[in-house]
$ cat work36.txt   # compact mmCIF, C-alpha atoms
# COMPACT_ATOMS: atom_id res chain seq x y z
CA MET G 99 26.58 -62.04 66.41
CA ARG G 100 24.39 -64.08 64.14
CA ALA G 101 21.29 -62.39 65.48
CA THR G 102 22.78 -58.98 64.63
CA ILE G 103 23.52 -60.02 61.07
CA THR G 104 20.00 -61.38 60.60
CA ARG G 105 18.55 -58.19 62.00
CA GLN G 106 20.65 -56.06 59.68
CA LEU G 107 19.63 -58.16 56.71
CA GLY G 108 16.00 -57.76 57.72
CA ARG G 109 16.43 -54.03 57.99
CA ALA G 110 18.10 -53.81 54.57
CA ARG G 111 15.30 -55.82 53.00
CA ARG G 112 12.67 -53.67 54.69
CA ARG G 113 14.41 -50.54 53.49
CA LEU G 114 14.40 -51.91 49.96
CA VAL G 115 10.69 -52.80 50.15
CA TYR G 116 9.78 -49.36 51.51
CA GLY G 117 11.98 -47.69 48.91
CA LEU G 118 10.35 -49.57 46.04
CA LEU G 119 6.92 -48.89 47.51
CA GLY G 120 7.74 -45.19 47.73
CA ILE G 121 8.95 -45.04 44.13
CA GLY G 122 5.83 -46.93 43.04
CA ILE G 123 3.55 -44.42 44.79
CA LEU G 124 5.46 -41.53 43.22
CA VAL G 125 5.06 -42.97 39.73
CA VAL G 126 1.34 -43.60 40.23
CA ALA G 127 0.79 -40.13 41.71
CA GLY G 128 2.69 -38.51 38.85
CA TYR G 129 0.67 -40.45 36.31
CA MET G 130 -2.60 -39.50 37.99
CA ILE G 131 -1.68 -35.83 38.20
CA ASN G 132 -0.75 -35.83 34.54
CA GLN G 133 -4.00 -37.57 33.55
CA ALA G 134 -6.13 -35.24 35.62
CA LEU G 135 -4.44 -32.17 34.21
CA THR G 136 -4.44 -33.12 30.56
CA THR G 137 -7.93 -34.61 30.27
CA SER G 138 -10.29 -32.94 32.71
CA LEU G 139 -8.58 -29.61 33.16
CA VAL G 140 -9.10 -28.13 29.73
CA TYR G 141 -9.83 -24.87 31.45
CA PHE G 142 -11.54 -23.16 28.53
CA ILE G 143 -12.37 -23.84 24.89
CA LEU G 144 -11.82 -21.48 21.97
CA PRO G 145 -14.66 -20.29 19.72
CA ASN G 146 -13.37 -22.38 16.78
CA GLU G 147 -13.36 -25.48 18.97
CA TYR G 148 -16.95 -24.81 19.87
CA ALA G 149 -17.80 -24.27 16.21
CA GLN G 150 -16.49 -27.73 15.33
CA SER G 151 -19.18 -29.49 17.39
CA PRO G 152 -21.75 -27.13 18.88
CA SER G 153 -24.11 -29.99 19.75
CA GLN G 154 -21.51 -31.43 22.13
CA TYR G 155 -21.83 -28.34 24.30
CA ASP G 156 -25.58 -27.91 23.90
CA GLY G 157 -27.09 -26.55 27.11
CA ARG G 158 -23.87 -27.35 28.94
CA ARG G 159 -22.05 -24.87 31.12
CA ILE G 160 -18.68 -24.11 29.55
CA ARG G 161 -15.83 -21.66 29.70
CA LEU G 162 -15.10 -19.85 26.48
CA GLY G 163 -11.78 -18.10 25.98
CA GLY G 164 -10.95 -15.47 23.38
CA LEU G 165 -10.28 -11.83 22.64
CA VAL G 166 -12.79 -9.01 22.83
CA ALA G 167 -13.35 -8.02 19.19
CA PRO G 168 -12.60 -4.32 18.46
CA GLU G 169 -15.54 -1.95 18.27
CA SER G 170 -17.98 -4.58 19.49
CA VAL G 171 -18.40 -3.52 23.11
CA ARG G 172 -21.77 -2.05 24.15
CA PHE G 173 -22.50 -1.34 27.77
CA ASN G 174 -25.76 0.03 29.10
CA ASP G 175 -25.06 1.44 32.54
CA PHE G 176 -28.78 1.67 33.32
CA ASP G 177 -29.58 -2.05 33.26
CA LEU G 178 -25.89 -3.20 33.28
CA GLN G 179 -26.28 -5.09 30.01
CA LEU G 180 -22.85 -5.73 28.51
CA THR G 181 -22.59 -7.15 25.01
CA PHE G 182 -19.50 -7.80 22.91
CA LEU G 183 -18.06 -10.20 20.37
CA VAL G 184 -15.54 -12.81 21.44
CA THR G 185 -13.13 -14.09 18.83
CA ASP G 186 -10.10 -16.32 18.40
CA GLY G 187 -9.36 -14.98 14.95
CA ILE G 188 -11.21 -17.88 13.31
CA GLU G 189 -14.69 -17.86 14.80
CA THR G 190 -16.60 -15.02 16.46
CA TYR G 191 -19.62 -15.22 18.74
CA PRO G 192 -21.78 -12.59 20.42
CA VAL G 193 -21.68 -12.51 24.22
CA GLN G 194 -24.30 -11.26 26.64
CA HIS G 195 -23.29 -10.46 30.19
CA VAL G 196 -25.01 -8.69 33.05
CA GLY G 197 -22.72 -6.60 35.21
CA ALA G 198 -20.19 -3.83 35.01
CA PRO G 199 -17.13 -4.66 32.90
CA PRO G 200 -14.01 -5.41 34.98
CA GLU G 201 -11.24 -2.83 35.19
CA LEU G 202 -8.99 -4.51 32.61
CA PHE G 203 -11.83 -5.26 30.20
CA ARG G 204 -11.25 -3.53 26.87
CA GLU G 205 -11.02 -4.16 23.16
CA ASN G 206 -8.48 -6.85 22.29
CA ALA G 207 -8.30 -7.94 25.93
CA GLY G 208 -8.21 -11.67 26.60
CA VAL G 209 -11.31 -12.93 28.36
CA VAL G 210 -12.60 -16.20 29.75
CA ILE G 211 -16.38 -16.25 30.11
CA GLU G 212 -18.47 -18.80 31.99
CA GLY G 213 -21.97 -19.67 30.89
CA SER G 214 -23.70 -21.46 28.05
CA PHE G 215 -24.81 -20.90 24.48
CA ASP G 216 -28.40 -19.90 23.84
CA SER G 217 -29.30 -19.93 20.12
CA GLY G 218 -25.89 -18.73 18.94
CA THR G 219 -25.32 -16.19 21.71
CA PHE G 220 -23.10 -16.95 24.66
CA VAL G 221 -24.91 -15.98 27.86
CA SER G 222 -22.24 -15.34 30.47
CA ASP G 223 -22.61 -15.02 34.22
CA ASN G 224 -18.92 -14.73 35.02
CA LEU G 225 -16.51 -12.58 33.08
CA LEU G 226 -12.82 -13.19 33.78
CA ILE G 227 -9.83 -11.41 32.32
CA LYS G 228 -6.94 -13.38 30.90
CA HIS G 229 -4.08 -10.93 30.55
CA SER G 230 -0.85 -11.85 28.84
CA GLU G 231 2.57 -12.22 30.45
CA VAL G 232 3.70 -8.96 28.85
CA TYR G 233 4.32 -6.10 31.28
CA GLU G 234 5.45 -2.76 29.95
CA ALA G 235 5.63 0.88 30.87
CA PRO G 236 2.94 3.15 29.33
CA GLU G 237 5.30 5.02 26.94
CA ASP G 238 5.18 2.01 24.67
CA GLY G 239 1.50 2.64 24.18
CA HIS G 240 0.51 0.01 21.66
CA ILE G 241 -0.92 -3.41 22.43
CA ASP G 242 0.40 -6.35 20.47
CA VAL G 243 -2.71 -8.24 19.38
CA GLU G 244 -0.67 -11.14 17.99
CA GLU G 245 1.01 -11.56 21.36
CA LEU G 246 -2.35 -11.58 23.11
CA ARG G 247 -3.66 -14.16 20.68
CA ARG G 248 -0.65 -16.38 21.28
CA SER G 249 -1.15 -16.10 25.02
CA LEU G 250 -4.54 -17.73 24.57
CA GLN G 251 -3.15 -20.91 23.04
CA MET H 125 30.32 -27.47 77.52
CA MET H 126 28.60 -24.13 76.95
CA ASP H 127 26.04 -23.09 79.48
CA ALA H 128 22.37 -22.92 78.59
CA SER H 129 22.06 -19.21 77.89
CA GLU H 130 25.13 -19.30 75.66
CA ARG H 131 23.71 -22.12 73.56
CA LEU H 132 20.34 -20.43 73.17
CA ARG H 133 21.87 -17.15 72.10
CA ARG H 134 21.47 -16.22 68.43
CA PRO H 135 24.97 -16.16 66.85
CA ALA H 136 26.42 -12.82 65.73
CA TYR H 137 26.22 -13.53 61.99
CA LEU H 138 22.48 -14.18 62.27
CA ARG H 139 21.95 -10.96 64.21
CA ILE H 140 23.81 -8.91 61.60
CA TRP H 141 22.04 -10.70 58.73
CA GLY H 142 18.67 -10.11 60.41
CA ALA H 143 19.40 -6.42 60.93
CA LEU H 144 20.36 -6.03 57.27
CA LEU H 145 17.04 -7.54 56.18
CA VAL H 146 15.13 -4.51 57.49
CA PRO H 147 16.68 -1.88 55.13
CA LEU H 148 16.66 -4.43 52.29
CA PHE H 149 12.96 -5.04 52.81
CA LEU H 150 12.29 -1.29 52.86
CA ALA H 151 14.33 -0.86 49.68
CA ALA H 152 12.31 -3.62 47.98
CA ALA H 153 9.08 -1.96 49.10
CA TYR H 154 10.31 1.38 47.74
CA LEU H 155 11.25 -0.12 44.37
CA GLY H 156 7.94 -1.93 44.06
CA LEU H 157 5.62 0.73 45.42
CA VAL H 158 7.26 3.94 44.19
CA TRP H 159 10.15 3.50 41.79
CA SER H 160 8.70 0.97 39.37
CA PRO H 161 6.69 2.44 36.48
CA GLN H 162 3.00 1.64 36.11
CA ASP H 163 1.98 -1.06 33.68
CA VAL H 164 0.36 -0.01 30.42
CA ASN H 165 -2.68 -2.21 31.13
CA GLN H 166 -2.73 -2.73 34.86
CA GLY H 167 -1.56 0.65 36.09
CA ASN H 168 -0.58 0.54 39.76
CA LEU H 169 -1.90 -3.00 40.17
CA ILE H 170 1.39 -4.25 38.71
CA ARG H 171 2.94 -3.44 42.10
CA ILE H 172 1.15 -6.38 43.73
CA MET H 173 2.90 -8.65 41.22
CA TYR H 174 6.34 -8.02 42.75
CA ALA H 175 5.23 -9.37 46.13
CA HIS H 176 3.21 -12.21 44.64
CA VAL H 177 5.76 -13.54 42.15
CA SER H 178 8.85 -13.17 44.36
CA VAL H 179 7.15 -14.95 47.27
CA ALA H 180 5.88 -17.69 44.93
CA TRP H 181 9.36 -18.31 43.49
CA ILE H 182 11.01 -18.48 46.91
CA GLY H 183 8.18 -20.76 48.05
CA PHE H 184 9.22 -23.14 45.25
CA VAL H 185 12.85 -22.86 46.36
CA ALA H 186 11.80 -23.60 49.96
CA VAL H 187 9.90 -26.72 48.85
CA GLY H 188 12.97 -27.76 46.85
CA PHE H 189 15.27 -27.45 49.88
CA THR H 190 12.76 -29.30 52.08
CA ALA H 191 12.84 -32.21 49.64
CA LEU H 192 16.62 -31.97 49.21
CA PHE H 193 17.33 -32.16 52.95
CA GLY H 194 14.66 -34.86 53.25
CA ALA H 195 16.42 -36.88 50.55
CA LEU H 196 19.76 -36.34 52.33
CA PHE H 197 18.18 -37.65 55.53
CA LEU H 198 16.93 -40.74 53.69
CA TRP H 199 20.42 -41.18 52.27
CA ARG H 200 22.67 -40.57 55.28
CA GLY H 201 20.25 -40.69 58.22
CA LYS H 202 21.79 -37.65 59.90
CA ARG H 203 19.44 -35.92 62.29
CA ARG H 204 20.84 -32.59 61.13
CA ASP H 205 19.34 -33.00 57.65
CA ASP H 206 15.88 -33.74 59.06
CA VAL H 207 16.04 -30.62 61.23
CA LEU H 208 16.99 -28.51 58.18
CA ALA H 209 14.20 -30.11 56.12
CA ALA H 210 11.58 -29.31 58.74
CA ALA H 211 12.85 -25.74 59.13
CA SER H 212 12.66 -25.22 55.37
CA GLY H 213 9.25 -26.92 55.31
CA GLU H 214 7.79 -24.36 57.71
CA MET H 215 8.94 -21.55 55.45
CA ALA H 216 7.64 -23.42 52.40
CA LEU H 217 4.19 -23.61 53.98
CA LEU H 218 4.32 -19.94 54.95
CA TYR H 219 5.50 -18.76 51.53
CA SER H 220 3.08 -20.89 49.55
CA SER H 221 0.19 -19.70 51.73
CA LEU H 222 1.32 -16.12 51.13
CA THR H 223 1.49 -16.93 47.43
CA ILE H 224 -2.20 -17.81 47.48
CA ILE H 225 -3.17 -14.80 49.59
CA GLY H 226 -1.10 -12.45 47.41
CA GLY H 227 -2.37 -14.14 44.27
CA MET H 228 -5.98 -13.60 45.33
CA THR H 229 -5.25 -9.96 46.14
CA TYR H 230 -3.69 -9.48 42.72
CA SER H 231 -6.25 -11.57 40.87
CA ARG H 232 -9.45 -9.89 42.09
CA PRO H 233 -8.81 -6.45 40.50
CA THR H 234 -6.97 -7.77 37.41
CA LEU H 235 -8.57 -11.09 36.46
CA ASN H 236 -11.93 -10.23 38.09
CA THR H 237 -11.98 -13.23 40.43
CA PHE H 238 -10.39 -14.28 43.70
CA TRP H 239 -10.09 -17.89 42.68
CA THR H 240 -10.63 -20.27 39.80
CA TRP H 241 -9.76 -23.95 39.49
CA ASP H 242 -7.29 -23.74 36.64
CA ALA H 243 -4.25 -26.03 36.52
CA LYS H 244 -1.81 -23.63 38.13
CA LEU H 245 -4.05 -22.59 40.99
CA THR H 246 -5.16 -26.16 41.61
CA LEU H 247 -1.55 -27.37 41.78
CA THR H 248 -0.68 -24.56 44.19
CA ALA H 249 -3.64 -25.42 46.43
CA LEU H 250 -2.49 -29.05 46.32
CA MET H 251 1.00 -27.94 47.32
CA VAL H 252 -0.31 -26.08 50.38
CA ALA H 253 -2.48 -29.07 51.35
CA LEU H 254 0.46 -31.46 51.05
CA LEU H 255 2.69 -29.15 53.09
CA VAL H 256 0.05 -29.12 55.83
CA GLY H 257 0.10 -32.93 55.55
CA TYR H 258 3.88 -32.82 55.98
CA PHE H 259 3.49 -31.30 59.43
CA ILE H 260 0.56 -33.56 60.36
CA VAL H 261 2.81 -36.53 59.60
CA ARG H 262 5.62 -35.03 61.66
CA ALA H 263 3.30 -34.51 64.60
CA LEU H 264 1.87 -38.03 64.40
CA VAL H 265 5.14 -40.00 64.33
CA ASP H 266 7.03 -40.16 67.63
CA ASP H 267 10.18 -41.98 66.56
CA PRO H 268 12.55 -39.31 65.18
CA VAL H 269 14.06 -41.60 62.52
CA ARG H 270 10.74 -42.79 61.19
CA ARG H 271 9.32 -39.25 61.39
CA GLY H 272 12.21 -37.97 59.28
CA ARG H 273 11.81 -40.73 56.70
CA VAL H 274 8.05 -40.51 56.26
CA SER H 275 8.02 -36.72 56.09
CA ALA H 276 10.94 -36.76 53.64
CA VAL H 277 8.84 -38.87 51.27
CA VAL H 278 5.99 -36.35 51.56
CA ALA H 279 8.42 -33.51 50.82
CA ILE H 280 9.74 -35.30 47.73
CA VAL H 281 6.17 -35.81 46.46
CA VAL H 282 5.50 -32.06 46.85
CA ALA H 283 8.74 -31.26 45.04
CA ALA H 284 7.71 -33.62 42.22
CA SER H 285 4.72 -31.36 41.54
CA LEU H 286 6.91 -28.25 41.17
CA PRO H 287 7.77 -28.62 37.46
CA PHE H 288 4.08 -29.13 36.64
CA ASN H 289 3.20 -26.05 38.66
CA TYR H 290 6.05 -23.96 37.24
CA LEU H 291 5.14 -24.73 33.64
CA ALA H 292 1.37 -25.10 34.17
CA ALA H 293 0.48 -21.99 32.19
CA GLU H 294 2.57 -23.21 29.24
CA TRP H 295 1.40 -26.82 29.33
CA PHE H 296 -2.26 -26.24 30.07
CA ARG H 297 -4.80 -23.56 29.38
CA THR H 298 -4.99 -21.48 32.50
CA LEU H 299 -6.39 -18.15 33.61
CA HIS H 300 -3.07 -17.52 35.35
CA PRO H 301 -0.69 -15.67 32.98
CA SER H 302 2.30 -17.63 31.76
CA ARG H 303 5.89 -16.85 32.66
CA SER H 304 7.39 -13.51 31.64
CA ILE H 305 10.93 -14.72 32.14
CA ALA H 306 11.96 -17.81 30.22
CA LEU H 307 14.81 -19.59 31.93
CA ASP H 308 16.11 -20.92 28.61
CA GLY H 309 17.03 -17.34 27.69
CA SER H 310 14.43 -17.03 24.96
CA GLY H 311 13.26 -13.73 26.33
CA VAL H 312 11.81 -11.48 28.96
CA THR H 313 8.44 -9.85 28.31
CA MET H 314 8.78 -7.22 30.99
CA ALA H 315 10.09 -3.66 31.03
CA PRO H 316 13.70 -3.50 32.35
CA GLU H 317 12.76 -1.47 35.46
CA MET H 318 10.04 -3.98 36.27
CA LEU H 319 12.44 -6.88 35.79
CA PHE H 320 14.98 -5.26 38.08
CA THR H 321 12.34 -4.60 40.74
CA LEU H 322 11.08 -8.18 40.54
CA LEU H 323 14.59 -9.65 40.77
CA PHE H 324 15.43 -7.37 43.71
CA THR H 325 12.28 -8.30 45.64
CA THR H 326 12.98 -11.97 44.86
CA VAL H 327 16.52 -11.74 46.27
CA VAL H 328 15.17 -10.05 49.42
CA ALA H 329 12.39 -12.64 49.76
CA GLY H 330 15.08 -15.31 49.41
CA LEU H 331 17.29 -13.76 52.08
CA ILE H 332 14.31 -13.53 54.43
CA TYR H 333 13.50 -17.20 53.78
CA ALA H 334 17.10 -18.25 54.36
CA TRP H 335 17.36 -16.25 57.58
CA PHE H 336 14.25 -17.76 59.12
CA MET H 337 15.23 -21.21 57.86
CA VAL H 338 18.72 -21.09 59.38
CA ASP H 339 17.47 -19.64 62.65
CA ARG H 340 14.66 -22.18 62.88
CA ALA H 341 17.12 -24.99 62.19
CA ARG H 342 19.34 -23.65 64.99
CA LEU H 343 16.39 -23.98 67.39
CA GLY H 344 15.55 -27.33 65.79
CA HIS H 345 18.99 -28.70 66.70
CA ILE H 346 18.45 -27.71 70.32
CA GLU H 347 15.00 -29.34 70.23
CA ALA H 348 16.51 -32.51 68.75
CA GLN H 349 19.16 -32.68 71.48
CA LEU H 350 16.48 -32.20 74.09
CA GLU H 351 14.38 -34.95 72.56
CA ALA H 352 17.36 -37.34 72.44
CA GLU H 353 18.21 -36.54 76.06
CA ARG H 354 14.64 -37.27 77.14
CA ALA H 355 14.60 -40.56 75.26
CA LYS H 356 17.87 -41.57 76.89
CA ARG H 357 16.50 -40.84 80.35
CA GLU H 358 13.36 -42.82 79.69
CA LEU H 359 15.39 -45.79 78.48
CA GLY H 360 17.98 -45.64 81.24
CA ALA H 361 17.43 -45.78 84.98
CA ALA H 362 13.96 -44.53 85.79
CA PRO H 363 14.30 -40.78 86.14
CA SER H 364 13.68 -39.26 89.50
CA ALA H 365 10.21 -37.77 89.66
CA GLY H 366 9.29 -35.04 87.19
CA GLY H 367 11.96 -35.78 84.59
CA VAL H 368 13.10 -32.18 84.39
CA VAL H 369 15.67 -31.86 81.63
CA ARG H 370 18.09 -29.03 81.58
CA VAL H 371 19.12 -27.74 78.17

$ encode --input "work36.txt" --output "structure tokens"
Amino acid sequence: MRATITRQLGRARRRLVYGLLGIGILVVAGYMINQALTTSLVYFILPNEYAQSPSQYDGRRIRLGGLVAPESVRFNDFDLQLTFLVTDGIETYPVQHVGAPPELFRENAGVVIEGSFDSGTFVSDNLLIKHSEVYEAPEDGHIDVEELRRSLQ
Amino acid sequence: MMDASERLRRPAYLRIWGALLVPLFLAAAYLGLVWSPQDVNQGNLIRIMYAHVSVAWIGFVAVGFTALFGALFLWRGKRRDDVLAAASGEMALLYSSLTIIGGMTYSRPTLNTFWTWDAKLTLTALMVALLVGYFIVRALVDDPVRRGRVSAVVAIVVAASLPFNYLAAEWFRTLHPSRSIALDGSGVTMAPEMLFTLLFTTVVAGLIYAWFMVDRARLGHIEAQLEAERAKRELGAAPSAGGVVRV
């Protein structure tokens, strides 16, 4: 009888210890995930953020996010040289990229480009499209630039 | 006591439910592939979105149920809850893997890459890895009670990452587009036909998940009984050679 009670007490205590341990691990894991996501996972920077401290990114490989400025796209299909201006509405930088533009690449499209700055021009080797969460049927026709800009924030 | 074949037989409601899934799946495919209009930017590529997003949502739901049944097992210790958790966990792993495969399929022609390590994709990869871990843990632990407890904790950890994943595109800068349907009712940025198609495919994906989950749990209960029977025989008088157990 006594042995049973002792065993049950031991089990209750062990359950408590494991429970607290589990909660502790959860808290630590949650904290770590949050830290990792907020500090190191700034996926891309905006042109105006680059403009604030260009030296910080000197020669470093970065991702730059922005919109393709209207009437700035030039593509030479002989040597696949693609140039355009990327803008966040505050700062604008010229971009050089080698390769055919992706299917959804167009004026006012959101882009994320990977590469580095070389004397004021962003030399990109990877051109990604960042489309907004707006899906509509073609009749609507127009593209809301403001909405696209907000989707970049 | 029912005889073996009777107990192994799939009950009538599951057979009817399963048969209904076929026309529902075809209807969802028709809505997504034919009926839905093209997107102004993406054209026909929008059609991949219906499969990708509906499967991703139901994958989240599956993870949620895995954690819920796991928590119930921690609370009440009923074997039944652990069986349901594991059944849901298998579907969670399947759906989240399909989310990544569908996402890559959708992402290559639209975003111009198969993969990038942004917050949302990283969290989804983490989710798949942890779900694989869930089944590694289950395979490693022999004692059913301990197995249920340890794996329940893993399931709860995976579920804890869901809100981060769900809101990743709002909270962090990602390549992945943010949500088109705000649950707080602040708006839907999707044409009505597209919304209807997406909701329909989501309901069908959910019914498919639930069917496999319930049927897998049914088999899981039989497995659990078998396991308990075996354990009893090993503990009791040494079984006569072979230890054949009839279901």

$ atom_distance --input "work36.txt" --atom1 "atom CA of H:Leu350" --atom2 "atom CA of H:Glu130"
15.6 Å

$ closest_atom_pairs --input "work36.txt" --of "chain H" --to "chain G" --cutoff "8 Å" --atoms "all atoms listed in the file" --output "tab-separated table"
residue	atom	partner	partner_atom	distance
H:Pro161	CA	G:Ala235	CA	5.9
H:Gln162	CA	G:Ala235	CA	5.9
H:Asp163	CA	G:Ala235	CA	5.0
H:Val164	CA	G:Pro236	CA	4.2
H:Asn165	CA	G:Leu202	CA	6.9
H:Gln166	CA	G:Leu202	CA	6.9
H:Pro233	CA	G:Glu201	CA	6.9
H:Thr234	CA	G:Leu202	CA	6.1
H:Leu235	CA	G:Ile227	CA	4.3
H:Asn236	CA	G:Leu226	CA	5.3
H:Thr237	CA	G:Leu226	CA	6.7
H:Asp242	CA	G:Tyr141	CA	5.9
H:Ala243	CA	G:Leu139	CA	6.5
H:Val277	CA	G:Gly120	CA	7.3
H:Val281	CA	G:Leu124	CA	6.6
H:Ala284	CA	G:Gly128	CA	7.8
H:Ser285	CA	G:Gly128	CA	7.9
H:Phe296	CA	G:Val140	CA	7.1
H:Arg297	CA	G:Tyr141	CA	5.6
H:Thr298	CA	G:Tyr141	CA	6.0
H:Leu299	CA	G:Lys228	CA	5.5
H:His300	CA	G:Lys228	CA	7.2
H:Pro301	CA	G:Glu231	CA	5.4
H:Ser302	CA	G:Glu231	CA	5.6
H:Arg303	CA	G:Glu231	CA	6.1
H:Ser304	CA	G:Glu231	CA	5.1
H:Thr313	CA	G:Val232	CA	4.9
H:Met314	CA	G:Tyr233	CA	4.6
H:Ala315	CA	G:Glu234	CA	4.8
H:Met318	CA	G:Tyr233	CA	7.9

$ atom_distance --input "work36.txt" --atom1 "atom CA of G:Thr181" --atom2 "atom CA of G:Glu147"
21.4 Å

$ residues_around --input "work36.txt" --residues "stretch 200-215 of chain H" --least-positions-apart "5" --cutoff "6 Å" --atoms "all atoms listed in the file" --output "PyMOL selection string"
chain H and resi 186+190+193-194+272+337+340-341+344

$ atom_distance --input "work36.txt" --atom1 "atom CA of H:Tyr219" --atom2 "atom CA of H:Asn289"
15.0 Å
